[in-house]
>>> print(open('run_17.txt').read())   # compact mmCIF, C-alpha atoms
# COMPACT_ATOMS: atom_id res chain seq x y z
CA MET A 518 -2.70 28.09 -6.01
CA THR A 519 -5.98 26.41 -5.13
CA ILE A 520 -5.84 22.76 -4.22
CA THR A 521 -8.96 20.74 -5.00
CA ILE A 522 -9.66 17.20 -3.85
CA THR A 523 -12.57 14.96 -4.72
CA ALA A 524 -14.87 13.19 -2.26
CA PHE A 525 -18.04 11.12 -2.43
CA GLU A 526 -21.20 13.13 -3.03
CA ARG A 527 -22.68 10.60 -0.62
CA SER A 528 -20.27 8.32 1.22
CA PRO A 529 -21.10 4.62 1.56
CA ASP A 530 -20.33 4.90 5.28
CA GLY A 531 -22.77 7.78 5.76
CA GLY A 532 -20.06 10.03 7.20
CA ARG A 533 -18.27 7.80 9.71
CA GLY A 534 -14.93 8.98 8.35
CA LEU A 535 -13.99 5.77 6.54
CA ALA A 536 -14.03 7.25 3.04
CA ARG A 537 -10.47 7.95 2.06
CA ASP A 538 -10.93 11.68 1.54
CA THR A 539 -10.95 11.89 5.36
CA ARG A 540 -7.27 10.89 5.38
CA VAL A 541 -6.40 13.67 2.95
CA ARG A 542 -8.55 16.22 4.77
CA TRP A 543 -6.77 15.23 8.00
CA ALA A 544 -3.37 15.79 6.39
CA PHE A 545 -4.40 19.25 5.21
CA GLU A 546 -5.67 20.10 8.68
CA GLU A 547 -2.46 18.91 10.35
CA VAL A 548 -0.32 21.18 8.17
CA GLY A 549 -2.79 24.07 8.14
CA GLN A 550 -3.29 24.09 4.39
CA PRO A 551 -6.65 25.15 2.93
CA TYR A 552 -8.27 22.95 0.30
CA GLU A 553 -11.41 22.80 -1.76
CA VAL A 554 -13.60 19.80 -2.34
CA ARG A 555 -15.43 18.74 -5.46
CA LEU A 556 -18.08 16.13 -4.76
CA VAL A 557 -18.59 13.32 -7.26
CA SER A 558 -21.43 10.84 -7.59
CA PHE A 559 -20.88 7.10 -8.01
CA HIS A 560 -21.97 7.52 -11.58
CA ALA A 561 -19.58 10.38 -12.32
CA MET A 562 -16.66 8.46 -10.79
CA LYS A 563 -16.83 5.99 -13.67
CA GLU A 564 -17.04 8.67 -16.36
CA PRO A 565 -14.06 9.67 -18.54
CA THR A 566 -13.63 13.05 -16.84
CA HIS A 567 -12.99 11.46 -13.47
CA LEU A 568 -11.11 8.45 -14.87
CA ALA A 569 -8.65 10.91 -16.39
CA LEU A 570 -7.84 11.94 -12.83
CA HIS A 571 -8.16 8.50 -11.21
CA PRO A 572 -7.66 5.45 -13.46
CA PHE A 573 -9.46 3.21 -10.94
CA GLY A 574 -12.51 5.48 -10.64
CA GLN A 575 -12.17 6.20 -6.95
CA ILE A 576 -11.79 9.14 -4.62
CA PRO A 577 -9.87 11.12 -3.48
CA THR A 578 -7.92 12.89 -6.18
CA TYR A 579 -5.69 15.95 -5.83
CA GLU A 580 -5.47 18.82 -8.30
CA GLU A 581 -3.20 21.82 -8.06
CA GLY A 582 -2.54 23.72 -11.26
CA ASP A 583 -0.96 21.29 -13.72
CA LEU A 584 -0.53 18.55 -11.14
CA ALA A 585 -3.11 15.78 -10.73
CA LEU A 586 -2.53 12.94 -8.27
CA PHE A 587 -4.51 9.95 -7.08
CA GLU A 588 -4.01 7.36 -4.32
CA THR A 589 -4.52 8.54 -0.78
CA GLY A 590 -1.07 7.47 0.44
CA ALA A 591 0.64 9.36 -2.37
CA ILE A 592 -1.46 12.47 -1.77
CA VAL A 593 -0.79 12.44 1.97
CA LEU A 594 2.93 11.97 1.30
CA HIS A 595 2.88 14.85 -1.20
CA ILE A 596 1.23 17.14 1.34
CA ALA A 597 3.61 15.97 4.07
CA ARG A 598 6.68 16.70 1.93
CA ARG A 599 5.53 20.19 1.00
CA HIS A 600 4.39 21.41 4.42
CA ALA A 601 5.84 21.00 7.90
CA GLY A 602 3.92 19.02 10.48
CA LEU A 603 3.63 15.47 9.19
CA LEU A 604 7.21 14.29 8.67
CA PRO A 605 10.28 14.59 10.90
CA VAL A 606 13.07 16.92 9.77
CA ASP A 607 15.79 14.30 10.33
CA ALA A 608 16.27 12.33 7.10
CA ASN A 609 16.41 8.90 8.75
CA ALA A 610 13.35 9.55 10.90
CA ARG A 611 11.56 10.80 7.80
CA ALA A 612 12.35 7.60 5.91
CA ARG A 613 11.08 5.55 8.86
CA ALA A 614 7.81 7.53 8.96
CA ILE A 615 7.34 6.70 5.28
CA SER A 616 7.94 3.02 6.14
CA TRP A 617 4.97 3.26 8.46
CA MET A 618 2.84 4.84 5.74
CA PHE A 619 3.52 1.85 3.51
CA ALA A 620 3.06 -0.57 6.42
CA ALA A 621 -0.39 0.91 7.01
CA VAL A 622 -1.56 0.45 3.42
CA ASN A 623 0.33 -2.69 2.36
CA THR A 624 0.72 -4.79 5.54
CA MET A 625 -2.12 -3.77 7.82
CA GLU A 626 -4.87 -2.69 5.44
CA PRO A 627 -5.08 -5.70 3.06
CA PRO A 628 -6.39 -8.19 5.68
CA ILE A 629 -8.67 -5.47 7.05
CA LEU A 630 -10.05 -4.80 3.57
CA GLU A 631 -10.55 -8.55 3.17
CA LEU A 632 -12.53 -8.58 6.40
CA GLY A 633 -14.64 -5.72 5.08
CA THR A 634 -15.24 -7.60 1.85
CA ALA A 635 -16.25 -10.72 3.77
CA ARG A 636 -18.70 -8.75 5.89
CA LEU A 637 -20.14 -6.52 3.19
CA LEU A 638 -20.03 -8.54 -0.03
CA GLU A 639 -20.17 -12.13 1.18
CA SER A 640 -22.50 -11.92 4.18
CA ASP A 641 -25.23 -13.73 2.24
CA LYS A 642 -22.97 -16.58 1.15
CA PRO A 643 -23.33 -20.06 2.66
CA TRP A 644 -19.69 -19.97 3.84
CA HIS A 645 -19.93 -16.65 5.63
CA ASP A 646 -20.26 -17.87 9.23
CA GLU A 647 -17.57 -20.49 8.96
CA ARG A 648 -15.11 -18.35 7.03
CA LEU A 649 -15.38 -15.09 8.98
CA PRO A 650 -13.29 -16.30 11.96
CA LEU A 651 -10.45 -17.23 9.61
CA VAL A 652 -10.42 -13.75 8.13
CA GLU A 653 -10.62 -12.16 11.57
CA ASP A 654 -7.65 -14.25 12.70
CA ARG A 655 -5.54 -12.85 9.88
CA VAL A 656 -6.40 -9.36 11.06
CA ARG A 657 -5.61 -10.28 14.67
CA ASN A 658 -2.21 -11.63 13.67
CA ARG A 659 -1.29 -8.20 12.37
CA LEU A 660 -2.88 -6.36 15.28
CA LYS A 661 -0.93 -8.46 17.75
CA GLN A 662 2.35 -7.59 16.05
CA LEU A 663 1.46 -3.92 15.93
CA SER A 664 0.40 -3.98 19.56
CA VAL A 665 3.70 -5.56 20.64
CA TYR A 666 5.66 -3.02 18.64
CA LEU A 667 3.74 0.00 19.91
CA GLY A 668 3.96 -1.00 23.58
CA ASP A 669 3.18 2.03 25.71
CA ALA A 670 4.35 4.62 23.20
CA ASP A 671 1.98 7.34 22.06
CA TRP A 672 2.91 7.13 18.39
CA LEU A 673 4.75 4.69 16.15
CA ASP A 674 8.12 6.41 16.00
CA GLY A 675 8.52 9.49 18.18
CA ALA A 676 6.23 12.40 17.36
CA PHE A 677 2.97 12.02 15.43
CA SER A 678 3.68 11.64 11.72
CA ALA A 679 2.04 10.82 8.41
CA GLY A 680 2.75 7.18 9.33
CA ASP A 681 0.44 7.52 12.33
CA LEU A 682 -2.14 9.38 10.26
CA MET A 683 -2.29 6.47 7.84
CA MET A 684 -2.17 3.74 10.49
CA VAL A 685 -4.89 5.34 12.63
CA SER A 686 -7.02 5.74 9.50
CA VAL A 687 -6.64 2.05 8.68
CA LEU A 688 -7.47 0.98 12.26
CA LEU A 689 -10.59 3.15 12.14
CA ARG A 690 -12.10 0.51 9.83
CA LEU A 691 -12.13 -1.85 12.82
CA LYS A 692 -13.64 0.55 15.32
CA SER A 693 -17.22 -0.67 15.06
CA LEU A 694 -16.28 -4.36 15.08
CA GLY A 695 -14.98 -4.67 18.63
CA ILE A 696 -11.77 -6.40 17.51
CA LEU A 697 -9.57 -3.62 18.85
CA ASP A 698 -10.93 -4.15 22.37
CA GLN A 699 -8.52 -7.07 22.69
CA TYR A 700 -5.58 -4.69 22.17
CA PRO A 701 -6.04 -1.86 24.66
CA ASN A 702 -2.93 -0.01 23.57
CA LEU A 703 -4.14 0.01 19.96
CA ALA A 704 -7.59 1.16 21.03
CA ALA A 705 -5.92 3.98 22.98
CA TYR A 706 -3.70 4.78 19.99
CA LEU A 707 -6.77 5.04 17.78
CA ALA A 708 -8.48 7.26 20.34
CA ARG A 709 -5.41 9.53 20.49
CA GLY A 710 -5.58 9.92 16.74
CA GLU A 711 -9.28 10.69 16.77
CA ALA A 712 -8.78 13.24 19.55
CA ARG A 713 -6.39 15.37 17.51
CA PRO A 714 -7.99 18.70 16.64
CA ALA A 715 -6.94 18.29 13.01
CA TYR A 716 -8.68 14.92 12.81
CA ARG A 717 -11.80 16.33 14.42
CA ARG A 718 -11.97 19.13 11.87
CA ALA A 719 -11.46 16.67 9.02
CA PHE A 720 -14.11 14.35 10.41
CA ALA A 721 -16.59 17.20 10.86
CA ALA A 722 -16.01 18.41 7.31
CA GLN A 723 -16.74 15.01 5.75
CA LEU A 724 -19.69 14.46 8.06
CA ALA A 725 -21.17 17.79 7.02
CA VAL A 726 -21.17 16.63 3.39
CA ASN A 727 -23.06 13.51 4.33
CA THR A 728 -25.60 15.12 6.63
CA GLY A 729 -26.04 18.25 4.57
CA LYS A 730 -25.24 20.40 7.60
CA PRO A 731 -22.23 22.72 7.80
CA PRO A 732 -19.50 21.67 10.28
CA THR A 733 -19.89 23.29 13.68
CA GLY A 734 -16.34 22.61 14.94
CA MET B 1405 28.48 2.72 3.49
CA THR B 1406 27.38 -0.88 3.06
CA ILE B 1407 23.67 -1.46 2.49
CA THR B 1408 22.32 -4.79 3.70
CA ILE B 1409 18.89 -6.20 2.95
CA THR B 1410 17.28 -9.35 4.27
CA ALA B 1411 15.77 -12.13 2.18
CA PHE B 1412 14.31 -15.58 2.79
CA GLU B 1413 16.88 -18.28 3.44
CA ARG B 1414 14.47 -20.39 1.42
CA SER B 1415 11.67 -18.60 -0.38
CA PRO B 1416 8.15 -20.07 -0.30
CA ASP B 1417 8.00 -19.62 -4.07
CA GLY B 1418 11.20 -21.58 -4.65
CA GLY B 1419 12.82 -18.69 -6.50
CA ARG B 1420 10.12 -17.53 -8.92
CA GLY B 1421 10.81 -13.95 -7.93
CA LEU B 1422 7.63 -13.38 -5.92
CA ALA B 1423 9.37 -12.83 -2.59
CA ARG B 1424 9.49 -9.12 -1.97
CA ASP B 1425 13.28 -8.89 -1.78
CA THR B 1426 13.18 -9.23 -5.57
CA ARG B 1427 11.53 -5.80 -5.79
CA VAL B 1428 14.29 -4.24 -3.72
CA ARG B 1429 17.04 -6.09 -5.61
CA TRP B 1430 15.50 -4.83 -8.85
CA ALA B 1431 15.56 -1.24 -7.58
CA PHE B 1432 19.24 -1.54 -6.65
CA GLU B 1433 20.03 -2.97 -10.08
CA GLU B 1434 18.15 -0.19 -11.89
CA VAL B 1435 20.17 2.51 -10.11
CA GLY B 1436 23.46 0.58 -10.14
CA GLN B 1437 23.85 0.46 -6.39
CA PRO B 1438 25.61 -2.53 -4.79
CA TYR B 1439 23.96 -4.23 -1.83
CA GLU B 1440 24.54 -7.14 0.47
CA VAL B 1441 22.02 -9.75 1.53
CA ARG B 1442 21.55 -11.44 4.87
CA LEU B 1443 19.41 -14.54 4.62
CA VAL B 1444 16.95 -15.28 7.41
CA SER B 1445 15.05 -18.45 8.21
CA PHE B 1446 11.31 -18.52 8.93
CA HIS B 1447 12.20 -19.17 12.54
CA ALA B 1448 14.66 -16.26 12.79
CA MET B 1449 12.13 -13.87 11.22
CA LYS B 1450 9.95 -14.18 14.33
CA GLU B 1451 12.84 -13.67 16.78
CA PRO B 1452 13.46 -10.38 18.60
CA THR B 1453 16.57 -9.55 16.56
CA HIS B 1454 14.62 -9.50 13.32
CA LEU B 1455 11.44 -8.04 14.83
CA ALA B 1456 13.55 -5.07 15.92
CA LEU B 1457 14.12 -4.42 12.21
CA HIS B 1458 10.69 -5.48 10.97
CA PRO B 1459 7.77 -5.31 13.45
CA PHE B 1460 5.71 -7.69 11.30
CA GLY B 1461 8.43 -10.33 11.04
CA GLN B 1462 8.80 -10.23 7.27
CA ILE B 1463 11.43 -9.57 4.65
CA PRO B 1464 12.93 -7.46 3.17
CA THR B 1465 14.54 -4.98 5.53
CA TYR B 1466 17.12 -2.31 4.71
CA GLU B 1467 20.08 -1.37 6.88
CA GLU B 1468 22.60 1.35 6.17
CA GLY B 1469 24.61 2.63 9.12
CA ASP B 1470 22.13 4.01 11.65
CA LEU B 1471 19.17 3.70 9.33
CA ALA B 1472 16.88 0.66 9.39
CA LEU B 1473 13.81 0.52 7.17
CA PHE B 1474 11.13 -2.04 6.43
CA GLU B 1475 8.27 -2.28 3.89
CA THR B 1476 9.24 -2.91 0.31
CA GLY B 1477 7.49 0.17 -1.06
CA ALA B 1478 9.26 2.45 1.41
CA ILE B 1479 12.63 0.85 0.68
CA VAL B 1480 12.17 1.16 -3.08
CA LEU B 1481 11.11 4.79 -2.67
CA HIS B 1482 14.14 5.47 -0.46
CA ILE B 1483 16.48 4.00 -3.08
CA ALA B 1484 14.68 5.88 -5.85
CA ARG B 1485 15.02 9.21 -4.04
CA ARG B 1486 18.72 8.76 -3.37
CA HIS B 1487 19.85 7.53 -6.78
CA ALA B 1488 18.93 8.55 -10.32
CA GLY B 1489 17.11 6.08 -12.52
CA LEU B 1490 13.78 5.31 -10.87
CA LEU B 1491 12.02 8.68 -10.55
CA PRO B 1492 11.59 11.53 -13.04
CA VAL B 1493 13.47 14.77 -12.37
CA ASP B 1494 10.39 16.94 -12.88
CA ALA B 1495 8.62 17.38 -9.53
CA ASN B 1496 5.10 16.78 -10.84
CA ALA B 1497 6.11 13.68 -12.79
CA ARG B 1498 7.90 12.43 -9.69
CA ALA B 1499 4.77 12.83 -7.57
CA ARG B 1500 2.76 10.96 -10.21
CA ALA B 1501 5.27 8.09 -10.23
CA ILE B 1502 4.84 7.84 -6.46
CA SER B 1503 1.06 7.72 -7.00
CA TRP B 1504 1.63 4.62 -9.09
CA MET B 1505 3.77 3.05 -6.38
CA PHE B 1506 0.90 3.43 -3.93
CA ALA B 1507 -1.62 2.29 -6.55
CA ALA B 1508 0.39 -0.89 -6.99
CA VAL B 1509 0.43 -1.78 -3.31
CA ASN B 1510 -2.89 -0.36 -2.12
CA THR B 1511 -5.27 -0.63 -5.09
CA MET B 1512 -3.95 -3.46 -7.23
CA GLU B 1513 -2.21 -5.75 -4.76
CA PRO B 1514 -4.93 -6.26 -2.09
CA PRO B 1515 -7.35 -8.21 -4.34
CA ILE B 1516 -4.38 -10.11 -5.79
CA LEU B 1517 -3.21 -11.02 -2.28
CA GLU B 1518 -6.76 -12.10 -1.48
CA LEU B 1519 -6.69 -14.36 -4.53
CA GLY B 1520 -3.40 -15.81 -3.32
CA THR B 1521 -4.89 -16.42 0.11
CA ALA B 1522 -7.93 -18.13 -1.41
CA ARG B 1523 -5.73 -20.41 -3.52
CA LEU B 1524 -3.06 -21.18 -0.92
CA LEU B 1525 -4.82 -21.11 2.45
CA GLU B 1526 -8.42 -21.96 1.61
CA SER B 1527 -8.03 -24.48 -1.19
CA ASP B 1528 -9.18 -27.30 1.10
CA LYS B 1529 -12.28 -25.46 2.28
CA PRO B 1530 -15.74 -26.54 1.14
CA TRP B 1531 -16.42 -23.07 -0.30
CA HIS B 1532 -13.25 -22.92 -2.39
CA ASP B 1533 -14.67 -23.79 -5.82
CA GLU B 1534 -17.69 -21.57 -5.51
CA ARG B 1535 -15.87 -18.61 -4.01
CA LEU B 1536 -12.79 -18.51 -6.23
CA PRO B 1537 -14.57 -16.96 -9.26
CA LEU B 1538 -15.80 -14.10 -7.05
CA VAL B 1539 -12.28 -13.34 -5.93
CA GLU B 1540 -10.96 -13.59 -9.47
CA ASP B 1541 -13.62 -11.16 -10.65
CA ARG B 1542 -12.41 -8.58 -8.13
CA VAL B 1543 -8.92 -8.92 -9.56
CA ARG B 1544 -10.26 -8.65 -13.12
CA ASN B 1545 -12.10 -5.46 -12.28
CA ARG B 1546 -8.80 -3.85 -11.39
CA LEU B 1547 -6.94 -5.37 -14.33
CA LYS B 1548 -9.55 -4.05 -16.73
CA GLN B 1549 -9.14 -0.53 -15.38
CA LEU B 1550 -5.37 -0.75 -15.53
CA SER B 1551 -5.54 -2.15 -19.06
CA VAL B 1552 -7.76 0.70 -20.24
CA TYR B 1553 -5.47 3.24 -18.65
CA LEU B 1554 -2.24 1.76 -20.05
CA GLY B 1555 -3.57 1.45 -23.59
CA ASP B 1556 -0.65 1.00 -25.96
CA ALA B 1557 1.88 2.82 -23.80
CA ASP B 1558 5.07 1.07 -22.75
CA TRP B 1559 4.99 2.31 -19.16
CA LEU B 1560 2.45 3.90 -16.84
CA ASP B 1561 3.56 7.53 -17.13
CA GLY B 1562 6.33 8.24 -19.62
CA ALA B 1563 9.66 6.57 -18.91
CA PHE B 1564 10.01 3.48 -16.70
CA SER B 1565 9.82 4.46 -13.04
CA ALA B 1566 9.57 3.03 -9.53
CA GLY B 1567 5.81 3.02 -10.15
CA ASP B 1568 6.30 0.54 -12.98
CA LEU B 1569 8.75 -1.49 -10.90
CA MET B 1570 6.13 -1.91 -8.21
CA MET B 1571 3.21 -2.50 -10.59
CA VAL B 1572 5.09 -5.10 -12.65
CA SER B 1573 6.12 -6.83 -9.41
CA VAL B 1574 2.50 -7.00 -8.27
CA LEU B 1575 1.32 -8.33 -11.65
CA LEU B 1576 4.02 -11.01 -11.49
CA ARG B 1577 1.86 -12.72 -8.83
CA LEU B 1578 -0.70 -13.43 -11.57
CA LYS B 1579 1.74 -14.74 -14.16
CA SER B 1580 1.21 -18.44 -13.50
CA LEU B 1581 -2.59 -18.14 -13.24
CA GLY B 1582 -3.41 -17.27 -16.84
CA ILE B 1583 -5.58 -14.31 -15.82
CA LEU B 1584 -3.35 -11.81 -17.59
CA ASP B 1585 -3.89 -13.57 -20.93
CA GLN B 1586 -7.22 -11.74 -21.14
CA TYR B 1587 -5.38 -8.40 -21.10
CA PRO B 1588 -2.73 -8.61 -23.81
CA ASN B 1589 -1.39 -5.13 -23.16
CA LEU B 1590 -0.85 -5.97 -19.47
CA ALA B 1591 0.81 -9.27 -20.36
CA ALA B 1592 3.11 -7.34 -22.71
CA TYR B 1593 3.74 -4.73 -19.99
CA LEU B 1594 4.73 -7.49 -17.58
CA ALA B 1595 7.01 -9.04 -20.21
CA ARG B 1596 8.66 -5.65 -20.80
CA GLY B 1597 9.39 -5.39 -17.11
CA GLU B 1598 10.79 -8.89 -16.91
CA ALA B 1599 12.98 -8.23 -19.96
CA ARG B 1600 14.80 -5.32 -18.34
CA PRO B 1601 18.44 -6.25 -17.66
CA ALA B 1602 18.12 -4.95 -14.10
CA TYR B 1603 15.15 -7.21 -13.43
CA ARG B 1604 16.96 -10.19 -14.92
CA ARG B 1605 19.95 -9.62 -12.65
CA ALA B 1606 17.68 -9.28 -9.62
CA PHE B 1607 15.75 -12.40 -10.56
CA ALA B 1608 18.95 -14.39 -11.09
CA ALA B 1609 20.32 -13.27 -7.73
CA GLN B 1610 17.25 -14.42 -5.79
CA LEU B 1611 17.05 -17.62 -7.80
CA ALA B 1612 20.66 -18.43 -6.95
CA VAL B 1613 19.81 -18.26 -3.24
CA ASN B 1614 17.01 -20.74 -3.73
CA THR B 1615 18.85 -23.17 -5.97
CA GLY B 1616 22.17 -22.88 -4.19
CA LYS B 1617 23.87 -22.02 -7.47
CA PRO B 1618 25.62 -18.70 -8.15
CA PRO B 1619 23.91 -16.47 -10.74
CA THR B 1620 25.31 -16.87 -14.23
CA GLY B 1621 23.78 -13.74 -15.77
>>> encode(input="run_17.txt", output="structure tokens")
Amino acid sequence: MTITITAFERSPDGGRGLARDTRVRWAFEEVGQPYEVRLVSFHAMKEPTHLALHPFGQIPTYEEGDLALFETGAIVLHIARRHAGLLPVDANARARAISWMFAAVNTMEPPILELGTARLLESDKPWHDERLPLVEDRVRNRLKQLSVYLGDADWLDGAFSAGDLMMVSVLLRLKSLGILDQYPNLAAYLARGEARPAYRRAFAAQLAVNTGKPPTG
Amino acid sequence: MTITITAFERSPDGGRGLARDTRVRWAFEEVGQPYEVRLVSFHAMKEPTHLALHPFGQIPTYEEGDLALFETGAIVLHIARRHAGLLPVDANARARAISWMFAAVNTMEPPILELGTARLLESDKPWHDERLPLVEDRVRNRLKQLSVYLGDADWLDGAFSAGDLMMVSVLLRLKSLGILDQYPNLAAYLARGEARPAYRRAFAAQLAVNTGKPPTG
């Protein structure tokens, strides 16, 4: 049965891979599952047709026959449960990988989203320069803990998992800011994620949408 | 096998149920599963023994034999998968309930956490009064969407699920702020969650820790 996801007709990041459909594309590529993409405009995302799929008017969504899902983490978990390649077979290891998925979106991502908000939506405010270091410090607190935990391991808990897919995707938001430079093992972890062939295919596919050129990978 | 979770020795909220162990206690109560609690001090949470369980030095954690988990969402999902009462039997409905769990922690909670940060950590800053309405508006944007989606339904998707448990728990952070008053169906949804006997038992148990009195419920 055909699986269809939604993605931005034109991503706010211009194709740098930060739009959340990249995470879902990456999951499909890791498990070798084909998928189709329906592009939606900012206008269409707020229309009833799309809101019926995604109550918060965002992308991505997931449709397969009668099933419609939203929320990137839930979609990645759904893919990971149905196809081998993103979750360990051992039940305990599997539960731990899911812990890391939630850690990525609920412990690591909130301060990073707040930093993005400060930079994008409040850059013209009189408090911007004084407040930004405070917000960056909150991100660094989390990065430091993650860096200590990761140590010299390649991935968070044994082999690459959906937990790594989500954590790498969250860290990608920091790539252009230079903050990761202070944590060489996290910068290397991010680079390992980006070097995965599945990630590269996912990245190329979303970039092609935004440049109007077909992926060459 | 005994299941042990961790909770604050003394919660920053004084027992109003906002500490995340309440979410896990609630899940245990919904499925009728006994659990034990080990209290940890703020100091002990940053020590190696606890960091080995929770890399970010927070509560709650979950221990059962060889298995150690962290992240509230992951723990609630683990409980929900192992015991009937928090996830639908139908596979598609189950996947949708998990979508709502992620929506609670990754779409709804980040702006609410940002509002908490603004009120608790930046209340003495010169920008506080001017910035607070901006942050509140971001929360209202999400609340409005959730309110439209919920309509006059009792729960997010059919029967009460782990998705509702997480969403109600996130909305609880707003209870004392008056913001929910503008969305009567969300205020009623929150009240329905709080009225569940399982929630009341969980709330009483965490309150007893913070008041030093045994629960009477």
>>> interface_residues(input="run_17.txt", of="chain A", to="chain B", cutoff="8 Å", atoms="all atoms listed in the file", output="PDB file with C-alpha atoms, keeping the file's coordinate frame")
ATOM      1  CA  PRO A 572      -7.660   5.450 -13.460  1.00  0.00           C
ATOM      2  CA  PHE A 573      -9.460   3.210 -10.940  1.00  0.00           C
ATOM      3  CA  LEU A 584      -0.530  18.550 -11.140  1.00  0.00           C
ATOM      4  CA  ALA A 585      -3.110  15.780 -10.730  1.00  0.00           C
ATOM      5  CA  LEU A 586      -2.530  12.940  -8.270  1.00  0.00           C
ATOM      6  CA  PHE A 587      -4.510   9.950  -7.080  1.00  0.00           C
ATOM      7  CA  GLU A 588      -4.010   7.360  -4.320  1.00  0.00           C
ATOM      8  CA  GLY A 590      -1.070   7.470   0.440  1.00  0.00           C
ATOM      9  CA  ALA A 591       0.640   9.360  -2.370  1.00  0.00           C
ATOM     10  CA  ILE A 592      -1.460  12.470  -1.770  1.00  0.00           C
ATOM     11  CA  HIS A 595       2.880  14.850  -1.200  1.00  0.00           C
ATOM     12  CA  ASN A 609      16.410   8.900   8.750  1.00  0.00           C
ATOM     13  CA  ALA A 612      12.350   7.600   5.910  1.00  0.00           C
ATOM     14  CA  ARG A 613      11.080   5.550   8.860  1.00  0.00           C
ATOM     15  CA  ILE A 615       7.340   6.700   5.280  1.00  0.00           C
ATOM     16  CA  SER A 616       7.940   3.020   6.140  1.00  0.00           C
ATOM     17  CA  TRP A 617       4.970   3.260   8.460  1.00  0.00           C
ATOM     18  CA  PHE A 619       3.520   1.850   3.510  1.00  0.00           C
ATOM     19  CA  ALA A 620       3.060  -0.570   6.420  1.00  0.00           C
ATOM     20  CA  VAL A 622      -1.560   0.450   3.420  1.00  0.00           C
ATOM     21  CA  ASN A 623       0.330  -2.690   2.360  1.00  0.00           C
ATOM     22  CA  PRO A 627      -5.080  -5.700   3.060  1.00  0.00           C
ATOM     23  CA  LEU A 630     -10.050  -4.800   3.570  1.00  0.00           C
ATOM     24  CA  GLU A 631     -10.550  -8.550   3.170  1.00  0.00           C
ATOM     25  CA  TRP A 644     -19.690 -19.970   3.840  1.00  0.00           C
ATOM     26  CA  ARG A 659      -1.290  -8.200  12.370  1.00  0.00           C
ATOM     27  CA  GLN A 662       2.350  -7.590  16.050  1.00  0.00           C
ATOM     28  CA  LEU A 663       1.460  -3.920  15.930  1.00  0.00           C
ATOM     29  CA  TYR A 666       5.660  -3.020  18.640  1.00  0.00           C
TER      30      TYR A 666
END
>>> atom_distance(input="run_17.txt", atom1="CA of Leu707 (chain A)", atom2="CA of Met683 (chain A)")
11.0 Å
>>> atom_distance(input="run_17.txt", atom1="CA of Gly668 (chain A)", atom2="CA of Ala712 (chain A)")
19.5 Å
>>> residues_around(input="run_17.txt", residues="Pro1464 (chain B)", least_positions_apart="3", cutoff="6 Å", atoms="all atoms listed in the file", output="short mmCIF file (atom, residue, chain, number, x, y, z; two decimals) with C-alpha atoms, keeping the file's coordinate frame")
data_model
loop_
_atom_site.label_atom_id
_atom_site.label_comp_id
_atom_site.auth_asym_id
_atom_site.auth_seq_id
_atom_site.Cartn_x
_atom_site.Cartn_y
_atom_site.Cartn_z
CA THR B 1410 17.28 -9.35 4.27
CA ALA B 1411 15.77 -12.13 2.18
CA ASP B 1425 13.28 -8.89 -1.78
#
>>> residues_near_point(input="run_17.txt", point="(19.8, 3.2, -7.3)", cutoff="10 Å", atoms="all atoms listed in the file", output="compact mmCIF listing (two decimals) with C-alpha atoms, in the frame of the given file")
# COMPACT_ATOMS: atom_id res chain seq x y z
CA VAL B 1428 14.29 -4.24 -3.72
CA ARG B 1429 17.04 -6.09 -5.61
CA TRP B 1430 15.50 -4.83 -8.85
CA ALA B 1431 15.56 -1.24 -7.58
CA PHE B 1432 19.24 -1.54 -6.65
CA GLU B 1433 20.03 -2.97 -10.08
CA GLU B 1434 18.15 -0.19 -11.89
CA VAL B 1435 20.17 2.51 -10.11
CA GLY B 1436 23.46 0.58 -10.14
CA GLN B 1437 23.85 0.46 -6.39
CA PRO B 1438 25.61 -2.53 -4.79
CA VAL B 1480 12.17 1.16 -3.08
CA LEU B 1481 11.11 4.79 -2.67
CA HIS B 1482 14.14 5.47 -0.46
CA ILE B 1483 16.48 4.00 -3.08
CA ALA B 1484 14.68 5.88 -5.85
CA ARG B 1485 15.02 9.21 -4.04
CA ARG B 1486 18.72 8.76 -3.37
CA HIS B 1487 19.85 7.53 -6.78
CA ALA B 1488 18.93 8.55 -10.32
CA GLY B 1489 17.11 6.08 -12.52
CA LEU B 1490 13.78 5.31 -10.87
>>> atom_distance(input="run_17.txt", atom1="CA of Ile1407 (chain B)", atom2="CA of Val1441 (chain B)")
8.5 Å
>>> closest_residue(input="run_17.txt", among="A:Arg717, A:Arg636, A:Arg657, A:Arg611", to="Ile696 (chain A)", atoms="all atoms listed in the file")
A:Arg657
>>> closest_residue(input="run_17.txt", among="B:Ala1612, B:Leu1576, B:Leu1491, B:Leu1584", to="Gly1562 (chain B)", atoms="only C-alpha atoms")
B:Leu1491
>>> residues_around(input="run_17.txt", residues="Arg1442 (chain B)", least_positions_apart="5", cutoff="12 Å", atoms="all atoms listed in the file", output="ChimeraX atom specification")
/B:1407-1414,1425,1448-1449,1454,1463-1467,1610,1613
>>> residues_around(input="run_17.txt", residues="Leu1611 (chain B)", least_positions_apart="6", cutoff="8 Å", atoms="only C-alpha atoms", output="VMD selection string")
chain B and resid 1418 to 1421 1619
